[in-house]
Amino acid sequence: MAPAQSKLVSQNQTERLYYLDNLRSFLTALVIYHHVAAPYGGIGVWFYSSKLHPPGSSITLSAFNALNQSYFMGSFFFLSGYFSNKSLKRKGAKSFLKTKFLKLGVPLVVYTLLAGPAQISILKLYNNEVLGWEILTDYWKALDGVKGTMWFSSLLLIFDSITALCPSIPEFLAQFTTLSSFILDIGACCLIRLANPTGAKITLLNLKPAYLPQYVGCYILGASLESPPTPPVTKTTRNVLASTAIASTALLGLQLSSLRPRSASSIIGGCSLPALTYAISNETTGYLLGTTILRLFQTSKWLNRSWGTIGRYSYAAFVVHPIVCVAAQVWTDGWEAQSVVKAAVLGTASVVGSWGVGWALVRVPGFGSVLL
């Protein structure tokens, strides 16, 4: 797993790796576009739903969402594993955990308690309905776990805690080769789908368990690499991944197109060929895209330079983006535009708005120490 330095942009290890900050900002913006696209004919669950665009009605947005799902959250866990490992070595377990519970735990609790009521209030205001305290009380009475995008923070907090308290576990798992890791990953995905044929979430964490093996593998891979973090991808491995990804994705498309009615529910779980094919397609495509995009950021002069303070507010933008997105979607509910156009326009507005709100929020006393 030693980083290959020969064809990369030279960068002293004491210098800041700008491309990692920029990649994190790119992924944050991609998450926002992903969530905005879902209600306009894409796929995925989102708080807002459009009456003008049925789920899955846009092939373009559905493909966009499916492609994102294969790698973008895995890439987040990869970066988190890398930065967490560096922070743990520098601070020690006690200080490391204190910082993580502050920066991950506090937003998790606040978001879970207040983001849902805020989104409900936005809908009520749009419909000229009266706001009352029952929005909070009814919501809290029905609360059964982590909500919204904070599943990422809760799972990352668990990973970081295990790494700090039981460092031998990640170290042991990091010893597996690329091939054996893929076999374990895909095998685990298939077994989870067998045990959970409905694709139901783990309610407490608001987590889809079928994607958990990928997240574990990506976090461990990031934590195992030195600076700069270069995943082991030889030319042969890349060719095998590309061939497998193309073949499995094409086969999956044929299988789904033959279903009546056409539904993606068959890949969620159970013992079926589409479920197995999707597991192979998702994991191989995810690793191939994730490593390719990482290398692009690493080797590009424009992507591997300072973007000013954009990266500084990416975490704050991630935390607040669901509220910003829902507000934009609700207030343009009647806009009869093409699904792709609407997703692109509102996605861009939500990206700018999320960074703007994040920028303002970190200036509130006490918030900066959590969100920066």
# chains A, B, ... in the order shown; residues from 1 in each chain; ligands from 1
>>> select_by_dssp(residues="stretch 24-86 of chain A", states="helix (DSSP H, G or I)", output="tab-separated table (two decimals) with all heavy atoms, in the first residue's frame")
chain	number	residue	atom	x	y	z
A	24	ARG	N	-13.03	16.95	-0.51
A	24	ARG	CA	-14.10	16.95	0.49
A	24	ARG	C	-15.16	17.99	0.15
A	24	ARG	O	-16.37	17.74	0.30
A	24	ARG	CB	-13.50	17.21	1.87
A	24	ARG	CG	-14.49	17.11	3.02
A	24	ARG	CD	-13.78	16.99	4.34
A	24	ARG	NE	-12.77	18.02	4.52
A	24	ARG	CZ	-11.94	18.07	5.57
A	24	ARG	NH1	-12.01	17.13	6.50
A	24	ARG	NH2	-11.05	19.03	5.67
A	25	SER	N	-14.74	19.15	-0.33
A	25	SER	CA	-15.70	20.17	-0.74
A	25	SER	C	-16.51	19.70	-1.95
A	25	SER	O	-17.74	19.91	-2.02
A	25	SER	CB	-14.97	21.47	-1.09
A	25	SER	OG	-14.29	21.99	0.04
A	26	PHE	N	-15.84	19.06	-2.90
A	26	PHE	CA	-16.52	18.52	-4.08
A	26	PHE	C	-17.57	17.48	-3.68
A	26	PHE	O	-18.71	17.50	-4.17
A	26	PHE	CB	-15.49	17.89	-5.02
A	26	PHE	CG	-16.08	16.97	-6.06
A	26	PHE	CD1	-16.76	17.46	-7.16
A	26	PHE	CD2	-15.97	15.58	-5.92
A	26	PHE	CE1	-17.31	16.61	-8.11
A	26	PHE	CE2	-16.52	14.72	-6.85
A	26	PHE	CZ	-17.19	15.24	-7.96
A	27	LEU	N	-17.20	16.58	-2.77
A	27	LEU	CA	-18.13	15.55	-2.33
A	27	LEU	C	-19.32	16.15	-1.59
A	27	LEU	O	-20.46	15.68	-1.72
A	27	LEU	CB	-17.41	14.54	-1.43
A	27	LEU	CG	-16.36	13.65	-2.10
A	27	LEU	CD1	-15.59	12.85	-1.07
A	27	LEU	CD2	-17.01	12.72	-3.11
A	28	THR	N	-19.07	17.19	-0.81
A	28	THR	CA	-20.16	17.86	-0.09
A	28	THR	C	-21.15	18.48	-1.08
A	28	THR	O	-22.37	18.35	-0.92
A	28	THR	CB	-19.60	18.95	0.84
A	28	THR	OG1	-18.68	18.36	1.77
A	28	THR	CG2	-20.72	19.64	1.61
A	29	ALA	N	-20.61	19.15	-2.10
A	29	ALA	CA	-21.49	19.73	-3.13
A	29	ALA	C	-22.24	18.62	-3.87
A	29	ALA	O	-23.43	18.77	-4.20
A	29	ALA	CB	-20.66	20.55	-4.11
A	30	LEU	N	-21.58	17.50	-4.11
A	30	LEU	CA	-22.22	16.38	-4.80
A	30	LEU	C	-23.37	15.80	-3.98
A	30	LEU	O	-24.42	15.45	-4.52
A	30	LEU	CB	-21.18	15.28	-5.08
A	30	LEU	CG	-21.63	14.15	-6.00
A	30	LEU	CD1	-21.97	14.69	-7.39
A	30	LEU	CD2	-20.53	13.09	-6.10
A	31	VAL	N	-23.19	15.73	-2.67
A	31	VAL	CA	-24.26	15.27	-1.78
A	31	VAL	C	-25.48	16.17	-1.91
A	31	VAL	O	-26.62	15.71	-1.96
A	31	VAL	CB	-23.78	15.23	-0.31
A	31	VAL	CG1	-24.95	15.09	0.65
A	31	VAL	CG2	-22.81	14.08	-0.10
A	32	ILE	N	-25.24	17.46	-1.97
A	32	ILE	CA	-26.34	18.43	-2.08
A	32	ILE	C	-27.08	18.24	-3.41
A	32	ILE	O	-28.32	18.19	-3.45
A	32	ILE	CB	-25.81	19.86	-1.94
A	32	ILE	CG1	-25.20	20.06	-0.54
A	32	ILE	CG2	-26.92	20.88	-2.19
A	32	ILE	CD1	-24.50	21.40	-0.35
A	33	TYR	N	-26.34	18.15	-4.52
A	33	TYR	CA	-26.97	17.91	-5.82
A	33	TYR	C	-27.72	16.58	-5.81
A	33	TYR	O	-28.81	16.46	-6.40
A	33	TYR	CB	-25.92	17.90	-6.93
A	33	TYR	CG	-25.51	19.26	-7.43
A	33	TYR	CD1	-24.28	19.82	-7.09
A	33	TYR	CD2	-26.36	20.00	-8.26
A	33	TYR	CE1	-23.91	21.08	-7.54
A	33	TYR	CE2	-26.00	21.26	-8.72
A	33	TYR	CZ	-24.77	21.79	-8.36
A	33	TYR	OH	-24.41	23.03	-8.82
A	34	HIS	N	-27.15	15.57	-5.17
A	34	HIS	CA	-27.76	14.25	-5.08
A	34	HIS	C	-29.13	14.33	-4.40
A	34	HIS	O	-30.11	13.77	-4.88
A	34	HIS	CB	-26.83	13.32	-4.30
A	34	HIS	CG	-27.34	11.93	-4.13
A	34	HIS	ND1	-27.05	10.91	-5.00
A	34	HIS	CD2	-28.13	11.38	-3.15
A	34	HIS	CE1	-27.63	9.80	-4.59
A	34	HIS	NE2	-28.29	10.05	-3.47
A	35	HIS	N	-29.18	15.02	-3.28
A	35	HIS	CA	-30.44	15.12	-2.52
A	35	HIS	C	-31.46	16.00	-3.23
A	35	HIS	O	-32.67	15.73	-3.15
A	35	HIS	CB	-30.15	15.65	-1.12
A	35	HIS	CG	-29.47	14.64	-0.24
A	35	HIS	ND1	-28.62	14.99	0.79
A	35	HIS	CD2	-29.51	13.29	-0.25
A	35	HIS	CE1	-28.18	13.90	1.37
A	35	HIS	NE2	-28.69	12.86	0.77
A	36	VAL	N	-31.00	17.02	-3.90
A	36	VAL	CA	-31.93	17.86	-4.65
A	36	VAL	C	-32.52	17.07	-5.83
A	36	VAL	O	-33.70	17.23	-6.16
A	36	VAL	CB	-31.22	19.13	-5.15
A	36	VAL	CG1	-32.09	19.87	-6.17
A	36	VAL	CG2	-30.89	20.05	-3.99
A	37	ALA	N	-31.72	16.21	-6.46
A	37	ALA	CA	-32.17	15.48	-7.65
A	37	ALA	C	-33.19	14.40	-7.33
A	37	ALA	O	-34.05	14.08	-8.17
A	37	ALA	CB	-30.97	14.86	-8.36
A	38	ALA	N	-33.10	13.82	-6.14
A	38	ALA	CA	-33.93	12.66	-5.80
A	38	ALA	C	-35.43	12.89	-6.01
A	38	ALA	O	-36.12	12.04	-6.59
A	38	ALA	CB	-33.64	12.21	-4.38
A	39	PRO	N	-36.01	14.02	-5.57
A	39	PRO	CA	-37.46	14.20	-5.73
A	39	PRO	C	-37.92	14.55	-7.14
A	39	PRO	O	-39.13	14.56	-7.41
A	39	PRO	CB	-37.77	15.38	-4.78
A	39	PRO	CG	-36.55	15.58	-3.95
A	39	PRO	CD	-35.43	15.11	-4.79
A	40	TYR	N	-37.00	14.84	-8.04
A	40	TYR	CA	-37.39	15.28	-9.38
A	40	TYR	C	-37.22	14.17	-10.43
A	40	TYR	O	-36.81	14.43	-11.56
A	40	TYR	CB	-36.58	16.51	-9.78
A	40	TYR	CG	-36.79	17.67	-8.84
A	40	TYR	CD1	-35.72	18.37	-8.30
A	40	TYR	CD2	-38.08	18.07	-8.48
A	40	TYR	CE1	-35.93	19.43	-7.42
A	40	TYR	CE2	-38.30	19.11	-7.61
A	40	TYR	CZ	-37.22	19.79	-7.08
A	40	TYR	OH	-37.43	20.83	-6.20
A	59	ILE	N	-34.52	9.17	-16.27
A	59	ILE	CA	-33.40	8.22	-16.41
A	59	ILE	C	-32.08	8.90	-16.07
A	59	ILE	O	-31.21	8.31	-15.42
A	59	ILE	CB	-33.36	7.67	-17.86
A	59	ILE	CG1	-34.63	6.87	-18.16
A	59	ILE	CG2	-32.13	6.81	-18.06
A	59	ILE	CD1	-34.72	6.34	-19.57
A	60	THR	N	-31.94	10.16	-16.49
A	60	THR	CA	-30.70	10.89	-16.24
A	60	THR	C	-30.44	11.06	-14.75
A	60	THR	O	-29.34	10.78	-14.25
A	60	THR	CB	-30.74	12.27	-16.92
A	60	THR	OG1	-30.94	12.10	-18.33
A	60	THR	CG2	-29.44	13.03	-16.68
A	61	LEU	N	-31.45	11.54	-14.02
A	61	LEU	CA	-31.27	11.78	-12.59
A	61	LEU	C	-31.19	10.47	-11.81
A	61	LEU	O	-30.46	10.38	-10.80
A	61	LEU	CB	-32.41	12.65	-12.05
A	61	LEU	CG	-32.46	14.07	-12.60
A	61	LEU	CD1	-33.60	14.84	-11.95
A	61	LEU	CD2	-31.14	14.80	-12.37
A	62	SER	N	-31.89	9.44	-12.25
A	62	SER	CA	-31.81	8.13	-11.60
A	62	SER	C	-30.41	7.56	-11.74
A	62	SER	O	-29.84	7.01	-10.78
A	62	SER	CB	-32.84	7.17	-12.19
A	62	SER	OG	-34.16	7.60	-11.93
A	63	ALA	N	-29.84	7.68	-12.96
A	63	ALA	CA	-28.47	7.20	-13.18
A	63	ALA	C	-27.47	8.02	-12.36
A	63	ALA	O	-26.51	7.47	-11.81
A	63	ALA	CB	-28.13	7.28	-14.67
A	64	PHE	N	-27.72	9.32	-12.27
A	64	PHE	CA	-26.87	10.21	-11.47
A	64	PHE	C	-26.87	9.78	-10.01
A	64	PHE	O	-25.82	9.65	-9.38
A	64	PHE	CB	-27.37	11.64	-11.62
A	64	PHE	CG	-26.69	12.65	-10.75
A	64	PHE	CD1	-25.38	13.04	-11.00
A	64	PHE	CD2	-27.36	13.23	-9.68
A	64	PHE	CE1	-24.73	13.98	-10.19
A	64	PHE	CE2	-26.74	14.17	-8.87
A	64	PHE	CZ	-25.43	14.54	-9.13
A	65	ASN	N	-28.05	9.54	-9.45
A	65	ASN	CA	-28.17	9.12	-8.05
A	65	ASN	C	-27.52	7.75	-7.82
A	65	ASN	O	-26.82	7.54	-6.82
A	65	ASN	CB	-29.63	9.06	-7.63
A	65	ASN	CG	-30.24	10.43	-7.45
A	65	ASN	OD1	-31.40	10.65	-7.80
A	65	ASN	ND2	-29.50	11.37	-6.90
A	66	ALA	N	-27.76	6.81	-8.74
A	66	ALA	CA	-27.20	5.47	-8.59
A	66	ALA	C	-25.68	5.49	-8.66
A	66	ALA	O	-24.99	4.79	-7.89
A	66	ALA	CB	-27.77	4.55	-9.67
A	67	LEU	N	-25.14	6.30	-9.56
A	67	LEU	CA	-23.69	6.39	-9.71
A	67	LEU	C	-23.06	7.03	-8.47
A	67	LEU	O	-22.03	6.56	-7.97
A	67	LEU	CB	-23.35	7.21	-10.96
A	67	LEU	CG	-21.95	7.01	-11.55
A	67	LEU	CD1	-21.78	5.58	-12.02
A	67	LEU	CD2	-21.74	7.97	-12.71
A	68	ASN	N	-23.70	8.07	-7.96
A	68	ASN	CA	-23.20	8.71	-6.75
A	68	ASN	C	-23.17	7.73	-5.58
A	68	ASN	O	-22.21	7.68	-4.81
A	68	ASN	CB	-24.08	9.90	-6.36
A	68	ASN	CG	-23.98	11.05	-7.33
A	68	ASN	OD1	-23.03	11.14	-8.09
A	68	ASN	ND2	-24.99	11.89	-7.35
A	69	GLN	N	-24.25	6.95	-5.46
A	69	GLN	CA	-24.37	6.02	-4.34
A	69	GLN	C	-23.21	5.04	-4.29
A	69	GLN	O	-22.80	4.59	-3.22
A	69	GLN	CB	-25.69	5.26	-4.46
A	69	GLN	CG	-25.94	4.25	-3.35
A	69	GLN	CD	-26.05	4.93	-1.99
A	69	GLN	OE1	-26.90	5.79	-1.79
A	69	GLN	NE2	-25.18	4.55	-1.07
A	70	SER	N	-22.63	4.73	-5.45
A	70	SER	CA	-21.58	3.72	-5.49
A	70	SER	C	-20.28	4.18	-4.86
A	70	SER	O	-19.49	3.35	-4.42
A	70	SER	CB	-21.32	3.30	-6.94
A	70	SER	OG	-20.67	4.33	-7.67
A	71	TYR	N	-20.05	5.51	-4.79
A	71	TYR	CA	-18.73	5.92	-4.34
A	71	TYR	C	-18.69	7.13	-3.41
A	71	TYR	O	-17.71	7.30	-2.65
A	71	TYR	CB	-17.84	6.23	-5.54
A	71	TYR	CG	-18.07	7.57	-6.18
A	71	TYR	CD1	-17.29	8.67	-5.83
A	71	TYR	CD2	-19.07	7.76	-7.14
A	71	TYR	CE1	-17.50	9.91	-6.42
A	71	TYR	CE2	-19.28	8.98	-7.72
A	71	TYR	CZ	-18.50	10.06	-7.37
A	71	TYR	OH	-18.72	11.28	-7.93
A	72	PHE	N	-19.70	8.02	-3.43
A	72	PHE	CA	-19.45	9.30	-2.75
A	72	PHE	C	-19.44	9.18	-1.23
A	72	PHE	O	-18.60	9.81	-0.57
A	72	PHE	CB	-20.38	10.41	-3.26
A	72	PHE	CG	-21.82	10.33	-2.86
A	72	PHE	CD1	-22.59	11.48	-2.83
A	72	PHE	CD2	-22.43	9.15	-2.55
A	72	PHE	CE1	-23.93	11.46	-2.49
A	72	PHE	CE2	-23.77	9.11	-2.20
A	72	PHE	CZ	-24.52	10.25	-2.17
A	73	MET	N	-20.30	8.36	-0.64
A	73	MET	CA	-20.24	8.21	0.81
A	73	MET	C	-19.05	7.35	1.22
A	73	MET	O	-18.42	7.58	2.25
A	73	MET	CB	-21.54	7.61	1.34
A	73	MET	CG	-22.76	8.50	1.15
A	73	MET	SD	-22.52	10.23	1.63
A	73	MET	CE	-22.11	10.10	3.37
A	74	GLY	N	-18.70	6.37	0.39
A	74	GLY	CA	-17.49	5.61	0.64
A	74	GLY	C	-16.26	6.50	0.63
A	74	GLY	O	-15.35	6.33	1.45
A	75	SER	N	-16.24	7.46	-0.29
A	75	SER	CA	-15.12	8.40	-0.36
A	75	SER	C	-15.05	9.28	0.88
A	75	SER	O	-13.97	9.61	1.38
A	75	SER	CB	-15.23	9.27	-1.61
A	75	SER	OG	-15.15	8.49	-2.78
A	76	PHE	N	-16.21	9.67	1.41
A	76	PHE	CA	-16.25	10.43	2.65
A	76	PHE	C	-15.62	9.63	3.80
A	76	PHE	O	-14.84	10.16	4.59
A	76	PHE	CB	-17.69	10.79	3.02
A	76	PHE	CG	-18.11	12.16	2.57
A	76	PHE	CD1	-19.24	12.33	1.79
A	76	PHE	CD2	-17.39	13.29	2.92
A	76	PHE	CE1	-19.66	13.59	1.37
A	76	PHE	CE2	-17.79	14.56	2.51
A	76	PHE	CZ	-18.92	14.70	1.74
A	77	PHE	N	-15.98	8.35	3.89
A	77	PHE	CA	-15.42	7.52	4.95
A	77	PHE	C	-13.92	7.28	4.74
A	77	PHE	O	-13.16	7.17	5.71
A	77	PHE	CB	-16.17	6.19	5.03
A	77	PHE	CG	-17.48	6.30	5.77
A	77	PHE	CD1	-18.68	6.24	5.08
A	77	PHE	CD2	-17.50	6.48	7.14
A	77	PHE	CE1	-19.89	6.35	5.75
A	77	PHE	CE2	-18.71	6.60	7.82
A	77	PHE	CZ	-19.91	6.53	7.13
A	78	PHE	N	-13.50	7.20	3.49
A	78	PHE	CA	-12.07	7.07	3.19
A	78	PHE	C	-11.30	8.28	3.72
A	78	PHE	O	-10.28	8.14	4.40
A	78	PHE	CB	-11.87	6.92	1.69
A	78	PHE	CG	-10.44	7.00	1.25
A	78	PHE	CD1	-9.61	5.89	1.34
A	78	PHE	CD2	-9.92	8.18	0.74
A	78	PHE	CE1	-8.27	5.96	0.94
A	78	PHE	CE2	-8.60	8.26	0.34
A	78	PHE	CZ	-7.76	7.15	0.44
A	79	LEU	N	-11.78	9.47	3.38
A	79	LEU	CA	-11.13	10.69	3.85
A	79	LEU	C	-11.19	10.79	5.38
A	79	LEU	O	-10.21	11.18	6.03
A	79	LEU	CB	-11.79	11.92	3.23
A	79	LEU	CG	-11.62	12.11	1.72
A	79	LEU	CD1	-12.42	13.32	1.25
A	79	LEU	CD2	-10.16	12.28	1.36
A	80	SER	N	-12.32	10.42	5.96
A	80	SER	CA	-12.48	10.48	7.40
A	80	SER	C	-11.51	9.54	8.09
A	80	SER	O	-10.91	9.88	9.12
A	80	SER	CB	-13.91	10.13	7.80
A	80	SER	OG	-14.83	11.06	7.25
A	81	GLY	N	-11.34	8.33	7.54
A	81	GLY	CA	-10.40	7.38	8.11
A	81	GLY	C	-8.97	7.90	8.08
A	81	GLY	O	-8.22	7.77	9.05
A	82	TYR	N	-8.61	8.54	6.96
A	82	TYR	CA	-7.26	9.09	6.83
A	82	TYR	C	-7.03	10.21	7.84
A	82	TYR	O	-6.04	10.19	8.59
A	82	TYR	CB	-7.06	9.62	5.41
A	82	TYR	CG	-5.78	10.40	5.23
A	82	TYR	CD1	-4.55	9.76	5.14
A	82	TYR	CD2	-5.80	11.79	5.18
A	82	TYR	CE1	-3.38	10.48	4.99
A	82	TYR	CE2	-4.64	12.52	5.03
A	82	TYR	CZ	-3.43	11.86	4.94
A	82	TYR	OH	-2.27	12.57	4.80
A	83	PHE	N	-7.93	11.18	7.90
A	83	PHE	CA	-7.75	12.31	8.81
A	83	PHE	C	-7.87	11.88	10.27
A	83	PHE	O	-7.16	12.40	11.14
A	83	PHE	CB	-8.77	13.41	8.50
A	83	PHE	CG	-8.46	14.19	7.26
A	83	PHE	CD1	-9.32	14.17	6.17
A	83	PHE	CD2	-7.31	14.95	7.17
A	83	PHE	CE1	-9.04	14.89	5.02
A	83	PHE	CE2	-7.01	15.68	6.03
A	83	PHE	CZ	-7.88	15.65	4.94
A	84	SER	N	-8.76	10.93	10.56
A	84	SER	CA	-8.92	10.47	11.94
A	84	SER	C	-7.66	9.77	12.44
A	84	SER	O	-7.24	9.95	13.59
A	84	SER	CB	-10.11	9.51	12.05
A	84	SER	OG	-11.33	10.20	11.88
A	85	ASN	N	-7.04	8.97	11.58
A	85	ASN	CA	-5.81	8.28	11.97
A	85	ASN	C	-4.69	9.26	12.27
A	85	ASN	O	-3.96	9.12	13.26
A	85	ASN	CB	-5.38	7.32	10.85
A	85	ASN	CG	-4.14	6.54	11.21
A	85	ASN	OD1	-4.07	5.89	12.25
A	85	ASN	ND2	-3.15	6.60	10.35
A	86	LYS	N	-4.58	10.30	11.44
A	86	LYS	CA	-3.56	11.33	11.68
A	86	LYS	C	-3.83	12.07	12.98
A	86	LYS	O	-2.92	12.34	13.78
A	86	LYS	CB	-3.54	12.32	10.52
A	86	LYS	CG	-3.17	11.73	9.18
A	86	LYS	CD	-1.77	11.17	9.19
A	86	LYS	CE	-1.40	10.57	7.85
A	86	LYS	NZ	-0.09	9.91	7.87
>>> residues_around(residues="A:Ile162", least_positions_apart="3", cutoff="12 Å", atoms="only C-alpha atoms", output="PDB file with N, CA, C and O atoms, in the first residue's frame")
ATOM      1  N   GLY A  81     -11.341   8.328   7.542  1.00  0.00           N
ATOM      2  CA  GLY A  81     -10.396   7.380   8.115  1.00  0.00           C
ATOM      3  C   GLY A  81      -8.972   7.904   8.081  1.00  0.00           C
ATOM      4  O   GLY A  81      -8.218   7.765   9.051  1.00  0.00           O
ATOM      5  N   SER A  84      -8.758  10.932  10.565  1.00  0.00           N
ATOM      6  CA  SER A  84      -8.920  10.468  11.944  1.00  0.00           C
ATOM      7  C   SER A  84      -7.656   9.774  12.435  1.00  0.00           C
ATOM      8  O   SER A  84      -7.236   9.955  13.585  1.00  0.00           O
ATOM      9  N   ASN A  85      -7.042   8.969  11.584  1.00  0.00           N
ATOM     10  CA  ASN A  85      -5.811   8.277  11.971  1.00  0.00           C
ATOM     11  C   ASN A  85      -4.694   9.262  12.274  1.00  0.00           C
ATOM     12  O   ASN A  85      -3.956   9.116  13.257  1.00  0.00           O
ATOM     13  N   LEU A  88      -5.586  11.014  15.591  1.00  0.00           N
ATOM     14  CA  LEU A  88      -5.412  10.118  16.736  1.00  0.00           C
ATOM     15  C   LEU A  88      -3.946   9.997  17.118  1.00  0.00           C
ATOM     16  O   LEU A  88      -3.597  10.025  18.308  1.00  0.00           O
ATOM     17  N   ALA A  93      -5.642   9.128  22.358  1.00  0.00           N
ATOM     18  CA  ALA A  93      -7.024   8.651  22.355  1.00  0.00           C
ATOM     19  C   ALA A  93      -7.970   9.564  23.118  1.00  0.00           C
ATOM     20  O   ALA A  93      -9.074   9.862  22.645  1.00  0.00           O
ATOM     21  N   PHE A  96      -8.483  12.914  21.336  1.00  0.00           N
ATOM     22  CA  PHE A  96      -9.109  12.613  20.044  1.00  0.00           C
ATOM     23  C   PHE A  96     -10.601  12.370  20.210  1.00  0.00           C
ATOM     24  O   PHE A  96     -11.429  12.940  19.488  1.00  0.00           O
ATOM     25  N   LEU A  97     -10.973  11.535  21.171  1.00  0.00           N
ATOM     26  CA  LEU A  97     -12.381  11.219  21.391  1.00  0.00           C
ATOM     27  C   LEU A  97     -13.162  12.432  21.880  1.00  0.00           C
ATOM     28  O   LEU A  97     -14.328  12.622  21.501  1.00  0.00           O
ATOM     29  N   LEU A 155     -22.350   7.058  12.449  1.00  0.00           N
ATOM     30  CA  LEU A 155     -21.537   5.903  12.083  1.00  0.00           C
ATOM     31  C   LEU A 155     -20.057   6.234  12.155  1.00  0.00           C
ATOM     32  O   LEU A 155     -19.242   5.419  12.625  1.00  0.00           O
ATOM     33  N   LEU A 156     -19.693   7.444  11.719  1.00  0.00           N
ATOM     34  CA  LEU A 156     -18.296   7.856  11.796  1.00  0.00           C
ATOM     35  C   LEU A 156     -17.835   7.948  13.247  1.00  0.00           C
ATOM     36  O   LEU A 156     -16.698   7.578  13.576  1.00  0.00           O
ATOM     37  N   LEU A 157     -18.701   8.407  14.132  1.00  0.00           N
ATOM     38  CA  LEU A 157     -18.366   8.481  15.546  1.00  0.00           C
ATOM     39  C   LEU A 157     -18.107   7.080  16.116  1.00  0.00           C
ATOM     40  O   LEU A 157     -17.199   6.888  16.939  1.00  0.00           O
ATOM     41  N   ILE A 158     -18.876   6.101  15.666  1.00  0.00           N
ATOM     42  CA  ILE A 158     -18.656   4.715  16.086  1.00  0.00           C
ATOM     43  C   ILE A 158     -17.319   4.205  15.565  1.00  0.00           C
ATOM     44  O   ILE A 158     -16.523   3.604  16.310  1.00  0.00           O
ATOM     45  N   PHE A 159     -17.037   4.452  14.286  1.00  0.00           N
ATOM     46  CA  PHE A 159     -15.758   4.026  13.709  1.00  0.00           C
ATOM     47  C   PHE A 159     -14.583   4.665  14.449  1.00  0.00           C
ATOM     48  O   PHE A 159     -13.596   3.994  14.777  1.00  0.00           O
ATOM     49  N   LEU A 165     -10.243   3.191  20.795  1.00  0.00           N
ATOM     50  CA  LEU A 165     -10.276   2.285  21.947  1.00  0.00           C
ATOM     51  C   LEU A 165      -9.714   0.896  21.632  1.00  0.00           C
ATOM     52  O   LEU A 165      -9.163   0.238  22.519  1.00  0.00           O
ATOM     53  N   CYS A 166      -9.846   0.477  20.377  1.00  0.00           N
ATOM     54  CA  CYS A 166      -9.366  -0.862  19.981  1.00  0.00           C
ATOM     55  C   CYS A 166      -8.577  -0.749  18.676  1.00  0.00           C
ATOM     56  O   CYS A 166      -9.033  -1.229  17.628  1.00  0.00           O
ATOM     57  N   PRO A 167      -7.422  -0.102  18.694  1.00  0.00           N
ATOM     58  CA  PRO A 167      -6.673   0.134  17.453  1.00  0.00           C
ATOM     59  C   PRO A 167      -6.228  -1.142  16.756  1.00  0.00           C
ATOM     60  O   PRO A 167      -5.950  -1.128  15.550  1.00  0.00           O
ATOM     61  N   SER A 168      -6.179  -2.258  17.475  1.00  0.00           N
ATOM     62  CA  SER A 168      -5.734  -3.509  16.859  1.00  0.00           C
ATOM     63  C   SER A 168      -6.744  -4.029  15.835  1.00  0.00           C
ATOM     64  O   SER A 168      -6.368  -4.738  14.898  1.00  0.00           O
ATOM     65  N   ILE A 169      -8.024  -3.674  15.986  1.00  0.00           N
ATOM     66  CA  ILE A 169      -9.045  -4.161  15.049  1.00  0.00           C
ATOM     67  C   ILE A 169      -8.850  -3.565  13.657  1.00  0.00           C
ATOM     68  O   ILE A 169      -8.746  -4.308  12.669  1.00  0.00           O
ATOM     69  N   PRO A 170      -8.784  -2.221  13.512  1.00  0.00           N
ATOM     70  CA  PRO A 170      -8.522  -1.662  12.180  1.00  0.00           C
ATOM     71  C   PRO A 170      -7.173  -2.100  11.617  1.00  0.00           C
ATOM     72  O   PRO A 170      -7.052  -2.323  10.402  1.00  0.00           O
ATOM     73  N   GLU A 171      -6.167  -2.231  12.482  1.00  0.00           N
ATOM     74  CA  GLU A 171      -4.845  -2.639  12.012  1.00  0.00           C
ATOM     75  C   GLU A 171      -4.869  -4.056  11.447  1.00  0.00           C
ATOM     76  O   GLU A 171      -4.238  -4.353  10.433  1.00  0.00           O
ATOM     77  N   VAL A 216     -17.135   0.451   6.002  1.00  0.00           N
ATOM     78  CA  VAL A 216     -16.096  -0.080   6.878  1.00  0.00           C
ATOM     79  C   VAL A 216     -14.780  -0.216   6.114  1.00  0.00           C
ATOM     80  O   VAL A 216     -13.720   0.211   6.580  1.00  0.00           O
ATOM     81  N   TYR A 219     -13.207   3.273   5.270  1.00  0.00           N
ATOM     82  CA  TYR A 219     -12.639   3.912   6.462  1.00  0.00           C
ATOM     83  C   TYR A 219     -11.305   3.261   6.819  1.00  0.00           C
ATOM     84  O   TYR A 219     -10.309   3.959   7.079  1.00  0.00           O
ATOM     85  N   ILE A 220     -11.271   1.943   6.826  1.00  0.00           N
ATOM     86  CA  ILE A 220     -10.042   1.231   7.179  1.00  0.00           C
ATOM     87  C   ILE A 220      -8.943   1.503   6.161  1.00  0.00           C
ATOM     88  O   ILE A 220      -7.776   1.704   6.523  1.00  0.00           O
TER      89      ILE A 220
END
>>> closest_residue(among="A:Val351, A:Ala328, A:Leu225, A:Ala275", to="A:Ile310", atoms="only C-alpha atoms")
A:Val351
>>> residues_around(residues="A:Ala210", least_positions_apart="4", cutoff="7 Å", atoms="only C-alpha atoms", output="list in words")
Cys189, Ile192 and Arg193 of chain A
>>> closest_residue(among="A:Ala250, A:Gln298, A:Trp46, A:Ala200", to="A:Pro229", atoms="only C-alpha atoms")
A:Gln298
>>> residues_around(residues="stretch 137-146 of chain A", least_positions_apart="4", cutoff="7 Å", atoms="only C-alpha atoms", output="list in words")
Thr112, Pro117, Trp133, Met150, Trp151, Thr203, Leu204, Leu205 and Asn206 of chain A
>>> residues_around(residues="stretch 283-290 of chain A", least_positions_apart="4", cutoff="7 Å", atoms="only C-alpha atoms", output="VMD selection string")
chain A and resid 70 to 71 75 186 238 241 to 242 244 to 245 279 294
>>> closest_residue(among="A:Ala223, A:Gly41, A:Asn127, A:Leu23", to="A:Val330", atoms="only C-alpha atoms")
A:Asn127
>>> closest_residue(among="A:Pro228, A:Pro107, A:Gly56, A:Gly92", to="A:Thr299", atoms="only C-alpha atoms")
A:Pro228
